[in-house]
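Some notes on the structure that comes next.
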Amino acid sequence: MEWLGHAKVEFTTAPKSLALRDSSGAATTLLDVCRETVPPCRLNPLLFNGHMQTVWTATKPHGPAVHYKRRVFESEHARFKGSFAVDFVTNPPPSADGSTDGDVVDVVDESLPLRTTYFSKDELADMASDDARPMLVVLHGLTGGSHEVYLRHAIEALVEDRKWEICVVNSRGCAKSKITSGLFYNARATWDTRQMVKWLRKTFPNRPLFGLGFSLGANILTNYIGEEGSDCQFKAAVVISNPWNLDVSNKALRSTWIGHEVYLKTLGTSLRILVNNNKEELKKYSDLSLSDLTKVKYLYEFDRAYQCPTWGYPTEDAYYRDASSVDSVLAVRIPLLGLNAVDDPIASYLGLPYTEAAQNPYTVLCTTSLGGHLGWFEPGGGRWHGKPVYNFLSRMAFGIDHGSIDPHASKPVYGTTSSASDYNPTRRKLDVEREV
């Protein structure tokens, strides 16, 4: 039935999934929750493969209107100084009749994405709250931001539900933000997310926190969750179109003409634009060769010209191996749902963490046979991935007893009792101090 757009949905997790209790006290498991909250995947049959689903995102439909207010944070990390912008979902501004329903024509600030304004000083001073509303922390894809259509489709139902608070952590230099040091970000740049989670925990002490990541942001979020281990503050998280094994995905893309000349070139172009948007800042704060950066054509060329000298990696392949999140899956100690399309031409199926998910009861990998990269276009223009996001996060926020989520319930043992070594799935070759 795939030729009709009926994708096959499969789940991979440990033989004994994480035990949970629902809000009534009844026993359930993470796998049961995922099976109950991930609906059948019925996609547009005219977009019948991963390339068409992926390329269709370039048509740039308007998508749902989501309004934000921005706060800029100064990094507290000793080694990674600079600033990053966080956009908080807010109610739309009132229309002429005073209502906040329906479409509102905004006064456009060209220095910010559409429907985004800055918090006022009074609003910034009054942000703290003791309410217990669930709070979602979102990380976008490569060079994206809070304005991305795939992101707004994913959170649309949560926004309309009016039970959630949501913020998007924009990577440095993205979403029309400016870098204030020589640093952008990389695929394991977990430090800004870590600072943000600590700030949220302090500012909103009663809010249960949840995570949502897309593509490169999914890779960063998975790395963060793995690094935090049993201390992770999230109650649950969803990662979508995670490339997982960056080295494998890079080699798969470079092995085909369309992968090399379409996808890698498109991603390289996006990063070249990011450099051009922050050219003066790079001149001021770094000693990188701007002529090399502005000439890059492909993603791996940018990583060679920027990521390697900035972070100290000898080659882009070394960076990909070190920044991948495939091993971090083994260190996850909160309920994590991963959504990937097997026909994704960017996050290759060859890098999917089937064996890792099969060893960790805290992780469920859900794969669909169709969908492409951040696609999942349905007949009529809707996006399927918003449904499991809403269903899963709503169930975890309101239908599961959070006291039953035990980060110490299961600690996988990889060796025998006589093994003299211990495997650490988040040990990295690039030494980065986690504390901020």
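Please note that chains go A, B, ... in the order of the structure tokens, that every chain numbers its residues from 1, and that ligands are numbered from 1 in the order shown.
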
Residues within 10 Å of Leu43 (chain A), please, as a list of chain:residue names. Count only C-alpha atoms; anything in the same chain fewer than 4 positions from it doesn't count.
A:Glu2, A:Trp3, A:Leu4, A:Gly5, A:His6, A:Ala7, A:Leu47, A:Phe48, A:Gln53, A:Leu370, A:Gly371, A:Gly375, A:Trp376, A:Phe377, A:Glu378, A:Pro379, A:Gly380, A:Gly381, A:Gly382, A:Arg383, A:Trp384

From the DSSP assignment of the backbone, select every residue of region 62-157 of chain A that is helix (DSSP H, G or I), and format the answer as a PyMOL selection string.
chain A and resi 121-125+149-157

Please, could you write that set of residues out with N, CA and C atoms as a JSON list (two decimals), in the first residue's frame?
```
[["chain", "number", "residue", "atom", "x", "y", "z"],
["A", 121, "LYS", "N", 11.41, 45.56, 28.70],
["A", 121, "LYS", "CA", 12.15, 45.46, 29.96],
["A", 121, "LYS", "C", 11.25, 45.00, 31.10],
["A", 122, "ASP", "N", 10.03, 45.51, 31.12],
["A", 122, "ASP", "CA", 9.10, 45.11, 32.18],
["A", 122, "ASP", "C", 8.74, 43.63, 32.06],
["A", 123, "GLU", "N", 8.55, 43.17, 30.82],
["A", 123, "GLU", "CA", 8.22, 41.75, 30.62],
["A", 123, "GLU", "C", 9.38, 40.86, 31.03],
["A", 124, "LEU", "N", 10.59, 41.26, 30.70],
["A", 124, "LEU", "CA", 11.76, 40.47, 31.10],
["A", 124, "LEU", "C", 11.87, 40.37, 32.62],
["A", 125, "ALA", "N", 11.56, 41.46, 33.29],
["A", 125, "ALA", "CA", 11.67, 41.48, 34.75],
["A", 125, "ALA", "C", 10.57, 40.65, 35.41],
["A", 149, "VAL", "N", 8.98, 26.29, 9.00],
["A", 149, "VAL", "CA", 7.63, 25.76, 8.79],
["A", 149, "VAL", "C", 7.47, 24.39, 9.45],
["A", 150, "TYR", "N", 8.47, 23.50, 9.30],
["A", 150, "TYR", "CA", 8.36, 22.16, 9.90],
["A", 150, "TYR", "C", 8.22, 22.25, 11.41],
["A", 151, "LEU", "N", 8.90, 23.24, 12.01],
["A", 151, "LEU", "CA", 8.84, 23.41, 13.46],
["A", 151, "LEU", "C", 7.46, 23.92, 13.89],
["A", 152, "ARG", "N", 6.96, 24.89, 13.15],
["A", 152, "ARG", "CA", 5.65, 25.45, 13.51],
["A", 152, "ARG", "C", 4.53, 24.43, 13.31],
["A", 153, "HIS", "N", 4.65, 23.58, 12.28],
["A", 153, "HIS", "CA", 3.67, 22.51, 12.11],
["A", 153, "HIS", "C", 3.71, 21.55, 13.31],
["A", 154, "ALA", "N", 4.89, 21.28, 13.81],
["A", 154, "ALA", "CA", 5.02, 20.32, 14.91],
["A", 154, "ALA", "C", 4.43, 20.83, 16.21],
["A", 155, "ILE", "N", 4.53, 22.13, 16.46],
["A", 155, "ILE", "CA", 4.05, 22.66, 17.74],
["A", 155, "ILE", "C", 2.67, 23.30, 17.62],
["A", 156, "GLU", "N", 2.11, 23.33, 16.42],
["A", 156, "GLU", "CA", 0.83, 24.01, 16.19],
["A", 156, "GLU", "C", -0.25, 23.55, 17.16],
["A", 157, "ALA", "N", -0.45, 22.23, 17.27],
["A", 157, "ALA", "CA", -1.52, 21.71, 18.12],
["A", 157, "ALA", "C", -1.25, 22.01, 19.60]]
```

For the interface of region 115-229 of chain A with region 67-72 of chain A (cut-off 9 Å, counting only C-alpha atoms), please tabulate each contacting residue of region 115-229 of chain A alongside its nearest pair of atoms and their separation in Å to one decimal, rows sorted by chain and increasing number, as a Markdown table.
```
| residue | atom | partner | partner_atom | distance |
| --- | --- | --- | --- | --- |
| A:Arg115 | CA | A:His67 | CA | 5.0 |
| A:Thr116 | CA | A:Tyr68 | CA | 4.7 |
| A:Thr117 | CA | A:Lys69 | CA | 4.9 |
| A:Tyr118 | CA | A:Arg70 | CA | 4.6 |
| A:Phe119 | CA | A:Lys69 | CA | 5.5 |
| A:Leu124 | CA | A:Arg71 | CA | 7.8 |
| A:Ser146 | CA | A:Tyr68 | CA | 8.3 |
| A:Cys167 | CA | A:Tyr68 | CA | 8.5 |
| A:Ser177 | CA | A:Val72 | CA | 8.9 |
```

In Å to one decimal, how far is CA of Ala218 (chain A) from CA of Ala331 (chain A)?
15.3 Å

With distances taken over only C-alpha atoms, which of A:Tyr319, A:Tyr263, A:Phe392, A:Phe302 is nearest to Val275 (chain A)?
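Closest to Val275 (chain A) of all the choices is A:Phe302.
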
Excluding Asp130 (chain A) and its own-chain neighbours fewer than 6 positions away, which residues fall within 10 Å of it when counting only C-alpha atoms? Please give them as a PyMOL selection string.
chain A and resi 203-207

Would you put the residues from that selection into a file with all heavy atoms, as a tab-separated table (two decimals), in the first residue's frame?
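Produced file result-v2.tsv, reproduced below:
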```
chain	number	residue	atom	x	y	z
A	203	THR	N	13.82	29.64	36.98
A	203	THR	CA	12.81	30.66	36.77
A	203	THR	C	11.40	30.11	36.90
A	203	THR	O	10.48	30.81	37.34
A	203	THR	CB	12.98	31.29	35.37
A	203	THR	OG1	14.36	31.72	35.22
A	203	THR	CG2	12.07	32.48	35.17
A	204	PHE	N	11.21	28.84	36.51
A	204	PHE	CA	9.90	28.19	36.58
A	204	PHE	C	10.04	26.87	37.32
A	204	PHE	O	9.99	25.79	36.72
A	204	PHE	CB	9.36	27.95	35.16
A	204	PHE	CG	9.41	29.17	34.27
A	204	PHE	CD1	10.32	29.25	33.23
A	204	PHE	CD2	8.55	30.23	34.48
A	204	PHE	CE1	10.36	30.36	32.40
A	204	PHE	CE2	8.58	31.35	33.66
A	204	PHE	CZ	9.49	31.43	32.63
A	205	PRO	N	10.23	26.92	38.63
A	205	PRO	CA	10.60	25.71	39.40
A	205	PRO	C	9.56	24.60	39.38
A	205	PRO	O	9.90	23.44	39.62
A	205	PRO	CB	10.81	26.26	40.81
A	205	PRO	CG	10.03	27.54	40.86
A	205	PRO	CD	10.13	28.12	39.49
A	206	ASN	N	8.30	24.93	39.09
A	206	ASN	CA	7.25	23.92	39.15
A	206	ASN	C	6.86	23.36	37.78
A	206	ASN	O	6.02	22.46	37.70
A	206	ASN	CB	6.01	24.50	39.84
A	206	ASN	CG	6.30	24.91	41.27
A	206	ASN	OD1	7.03	24.23	41.98
A	206	ASN	ND2	5.73	26.04	41.68
A	207	ARG	N	7.44	23.88	36.73
A	207	ARG	CA	7.06	23.42	35.40
A	207	ARG	C	7.81	22.14	35.03
A	207	ARG	O	9.04	22.11	35.08
A	207	ARG	CB	7.37	24.49	34.35
A	207	ARG	CG	6.45	25.69	34.41
A	207	ARG	CD	6.77	26.67	33.29
A	207	ARG	NE	5.89	27.85	33.38
A	207	ARG	CZ	6.00	28.91	32.60
A	207	ARG	NH1	6.94	28.96	31.66
A	207	ARG	NH2	5.17	29.94	32.75
```

Counting only C-alpha atoms, give me one row per residue of region 43-122 of chain A with an atom at most 9 Å from an atom of region 343-364 of chain A, showing the shortest contact pair and its distance in Å to one decimal, sorted by chain then residue number, as JSON lines.
```
{"residue": "A:Asn49", "atom": "CA", "partner": "A:Asp343", "partner_atom": "CA", "distance": 6.8}
{"residue": "A:Gly50", "atom": "CA", "partner": "A:Asp343", "partner_atom": "CA", "distance": 4.8}
{"residue": "A:His51", "atom": "CA", "partner": "A:Pro345", "partner_atom": "CA", "distance": 6.5}
{"residue": "A:Gln53", "atom": "CA", "partner": "A:Asp344", "partner_atom": "CA", "distance": 8.7}
{"residue": "A:Thr54", "atom": "CA", "partner": "A:Asp344", "partner_atom": "CA", "distance": 7.7}
```

From the list A:Glu74, A:Val138, A:Asp422, A:Asp401, which residue is nearest Ala19 (chain A) when using only C-alpha atoms?
A:Asp401

DSSP-assigned strand (DSSP E or B) among region 146-233 of chain A, expressed as a ChimeraX atom specification:
/A:165-169,209-214

Could you pull the residues within 12 Å of Leu267 (chain A), counting only C-alpha atoms, minus those fewer than 2 positions along the same chain, as number ranges by chain?
A: 141-144, 216, 250, 253, 259-265, 269-274, 296-303, 346

How would the residues just chosen look if you wrote them out with N, CA, C and O atoms as a compact mmCIF listing (two decimals), in the first residue's frame?
```txt
# COMPACT_ATOMS: atom_id res chain seq x y z
N GLY A 141 16.69 22.75 13.16
CA GLY A 141 17.68 22.12 12.31
C GLY A 141 18.79 23.07 11.88
O GLY A 141 18.83 24.24 12.28
N LEU A 142 19.68 22.58 11.04
CA LEU A 142 20.85 23.33 10.58
C LEU A 142 20.44 24.67 9.98
O LEU A 142 19.62 24.73 9.07
N THR A 143 21.02 25.76 10.46
CA THR A 143 20.81 27.15 10.03
C THR A 143 19.35 27.59 10.09
O THR A 143 18.98 28.59 9.49
N GLY A 144 18.51 26.86 10.82
CA GLY A 144 17.09 27.19 10.89
C GLY A 144 16.79 28.18 12.01
O GLY A 144 17.57 29.07 12.31
N LEU A 216 19.63 18.50 12.86
CA LEU A 216 20.84 18.75 13.64
C LEU A 216 20.49 19.08 15.09
O LEU A 216 21.20 18.68 16.01
N ASN A 250 27.18 11.53 5.99
CA ASN A 250 28.03 12.29 5.09
C ASN A 250 28.53 11.42 3.94
O ASN A 250 28.47 11.82 2.77
N LEU A 253 25.66 10.61 1.52
CA LEU A 253 25.33 11.75 0.67
C LEU A 253 26.38 11.95 -0.42
O LEU A 253 26.04 12.24 -1.58
N GLY A 259 22.77 13.40 -3.80
CA GLY A 259 23.19 13.69 -2.45
C GLY A 259 24.28 14.75 -2.41
O GLY A 259 24.25 15.67 -1.58
N HIS A 260 25.22 14.65 -3.35
CA HIS A 260 26.34 15.58 -3.38
C HIS A 260 25.97 16.93 -3.97
O HIS A 260 26.27 17.98 -3.40
N GLU A 261 25.30 16.90 -5.13
CA GLU A 261 25.07 18.13 -5.87
C GLU A 261 23.77 18.84 -5.50
O GLU A 261 23.58 19.99 -5.89
N VAL A 262 22.89 18.17 -4.79
CA VAL A 262 21.65 18.82 -4.36
C VAL A 262 21.67 19.07 -2.85
O VAL A 262 21.66 20.22 -2.40
N TYR A 263 21.73 18.00 -2.06
CA TYR A 263 21.59 18.17 -0.62
C TYR A 263 22.82 18.80 0.03
O TYR A 263 22.71 19.79 0.78
N LEU A 264 24.00 18.26 -0.23
CA LEU A 264 25.20 18.82 0.39
C LEU A 264 25.47 20.23 -0.10
O LEU A 264 25.96 21.08 0.65
N LYS A 265 25.14 20.50 -1.37
CA LYS A 265 25.34 21.85 -1.89
C LYS A 265 24.33 22.81 -1.28
O LYS A 265 24.67 23.96 -0.95
N THR A 269 25.28 26.00 0.94
CA THR A 269 24.82 27.34 0.61
C THR A 269 24.19 28.03 1.83
O THR A 269 24.42 29.21 2.08
N SER A 270 23.40 27.28 2.59
CA SER A 270 22.77 27.84 3.79
C SER A 270 23.82 28.31 4.79
O SER A 270 23.68 29.37 5.42
N LEU A 271 24.88 27.53 4.93
CA LEU A 271 25.94 27.92 5.86
C LEU A 271 26.75 29.09 5.34
O LEU A 271 27.21 29.94 6.12
N ARG A 272 26.93 29.18 4.03
CA ARG A 272 27.62 30.33 3.45
C ARG A 272 26.82 31.61 3.69
O ARG A 272 27.39 32.67 3.98
N ILE A 273 25.50 31.51 3.60
CA ILE A 273 24.65 32.67 3.91
C ILE A 273 24.78 33.05 5.38
O ILE A 273 24.84 34.24 5.73
N LEU A 274 24.85 32.04 6.26
CA LEU A 274 25.04 32.30 7.70
C LEU A 274 26.34 33.07 7.93
O LEU A 274 26.39 34.02 8.73
N VAL A 296 32.87 28.25 0.21
CA VAL A 296 32.45 26.85 0.38
C VAL A 296 31.20 26.57 -0.46
O VAL A 296 30.30 27.41 -0.56
N LYS A 297 31.16 25.39 -1.05
CA LYS A 297 30.01 24.99 -1.85
C LYS A 297 29.22 23.87 -1.17
O LYS A 297 28.01 23.78 -1.34
N TYR A 298 29.91 23.04 -0.43
CA TYR A 298 29.27 21.86 0.14
C TYR A 298 29.38 21.88 1.67
O TYR A 298 30.27 22.53 2.23
N LEU A 299 28.49 21.16 2.32
CA LEU A 299 28.46 21.11 3.78
C LEU A 299 29.81 20.69 4.36
O LEU A 299 30.33 21.31 5.28
N TYR A 300 30.41 19.64 3.81
CA TYR A 300 31.66 19.14 4.37
C TYR A 300 32.80 20.14 4.18
O TYR A 300 33.75 20.17 4.97
N GLU A 301 32.71 20.99 3.15
CA GLU A 301 33.72 22.03 2.97
C GLU A 301 33.61 23.09 4.06
O GLU A 301 34.62 23.59 4.56
N PHE A 302 32.38 23.43 4.45
CA PHE A 302 32.22 24.36 5.57
C PHE A 302 32.77 23.75 6.85
O PHE A 302 33.46 24.42 7.63
N ASP A 303 32.44 22.49 7.09
CA ASP A 303 32.92 21.84 8.30
C ASP A 303 34.44 21.79 8.33
O ASP A 303 35.07 21.93 9.39
N ILE A 346 18.84 12.49 3.67
CA ILE A 346 19.86 13.27 4.38
C ILE A 346 20.32 12.53 5.63
O ILE A 346 21.52 12.36 5.86
```

Region 144-192 of chain A residues near region 276-294 of chain A within 9 Å, closest pair each, using only C-alpha atoms, as CSV:
```
residue,atom,partner,partner_atom,distance
A:Gly173,CA,A:Asn278,CA,7.0
A:Lys176,CA,A:Asn277,CA,8.2
A:Lys178,CA,A:Asn278,CA,6.4
A:Ile179,CA,A:Glu281,CA,6.6
A:Thr180,CA,A:Glu281,CA,6.7
A:Ser181,CA,A:Tyr285,CA,5.3
A:Gly182,CA,A:Tyr285,CA,4.7
A:Leu183,CA,A:Ser286,CA,8.2
```

For Leu221 (chain A), the nearest of the candidates A:Ala132, A:Trp164, A:Ser325, A:Tyr313, counting only C-alpha atoms:
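Answer, going by the shortest atom-to-atom distance: A:Ser325.
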
Report the distance between CA of Ser215 (chain A) and CA of Ala323 (chain A) in Å, rounded to one decimal place.
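Value for the CA of Ser215 (chain A)-CA of Ala323 (chain A) distance: 13.4 Å.
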
Between A:Gly82, A:Gly213, A:Gly403, A:Gly386, which is the closest to Thr37 (chain A) once you count only C-alpha atoms?
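Among A:Gly82, A:Gly213, A:Gly403, A:Gly386, it is A:Gly386 that comes nearest to Thr37 (chain A).
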
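Shortest separation to Gly63 (chain A) among A:His402, A:His147, A:Thr256, A:Val329 occurs at residue A:His147, atoms counted being only C-alpha atoms.
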
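If only C-alpha atoms are the atoms counted, then among A:Arg254, A:Arg395, A:Arg201, A:Lys387 the closest residue to Ala128 (chain A) is A:Arg201.
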
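From CA of Val55 (chain A) back to CA of Lys8 (chain A), the distance works out to 21.1 Å.
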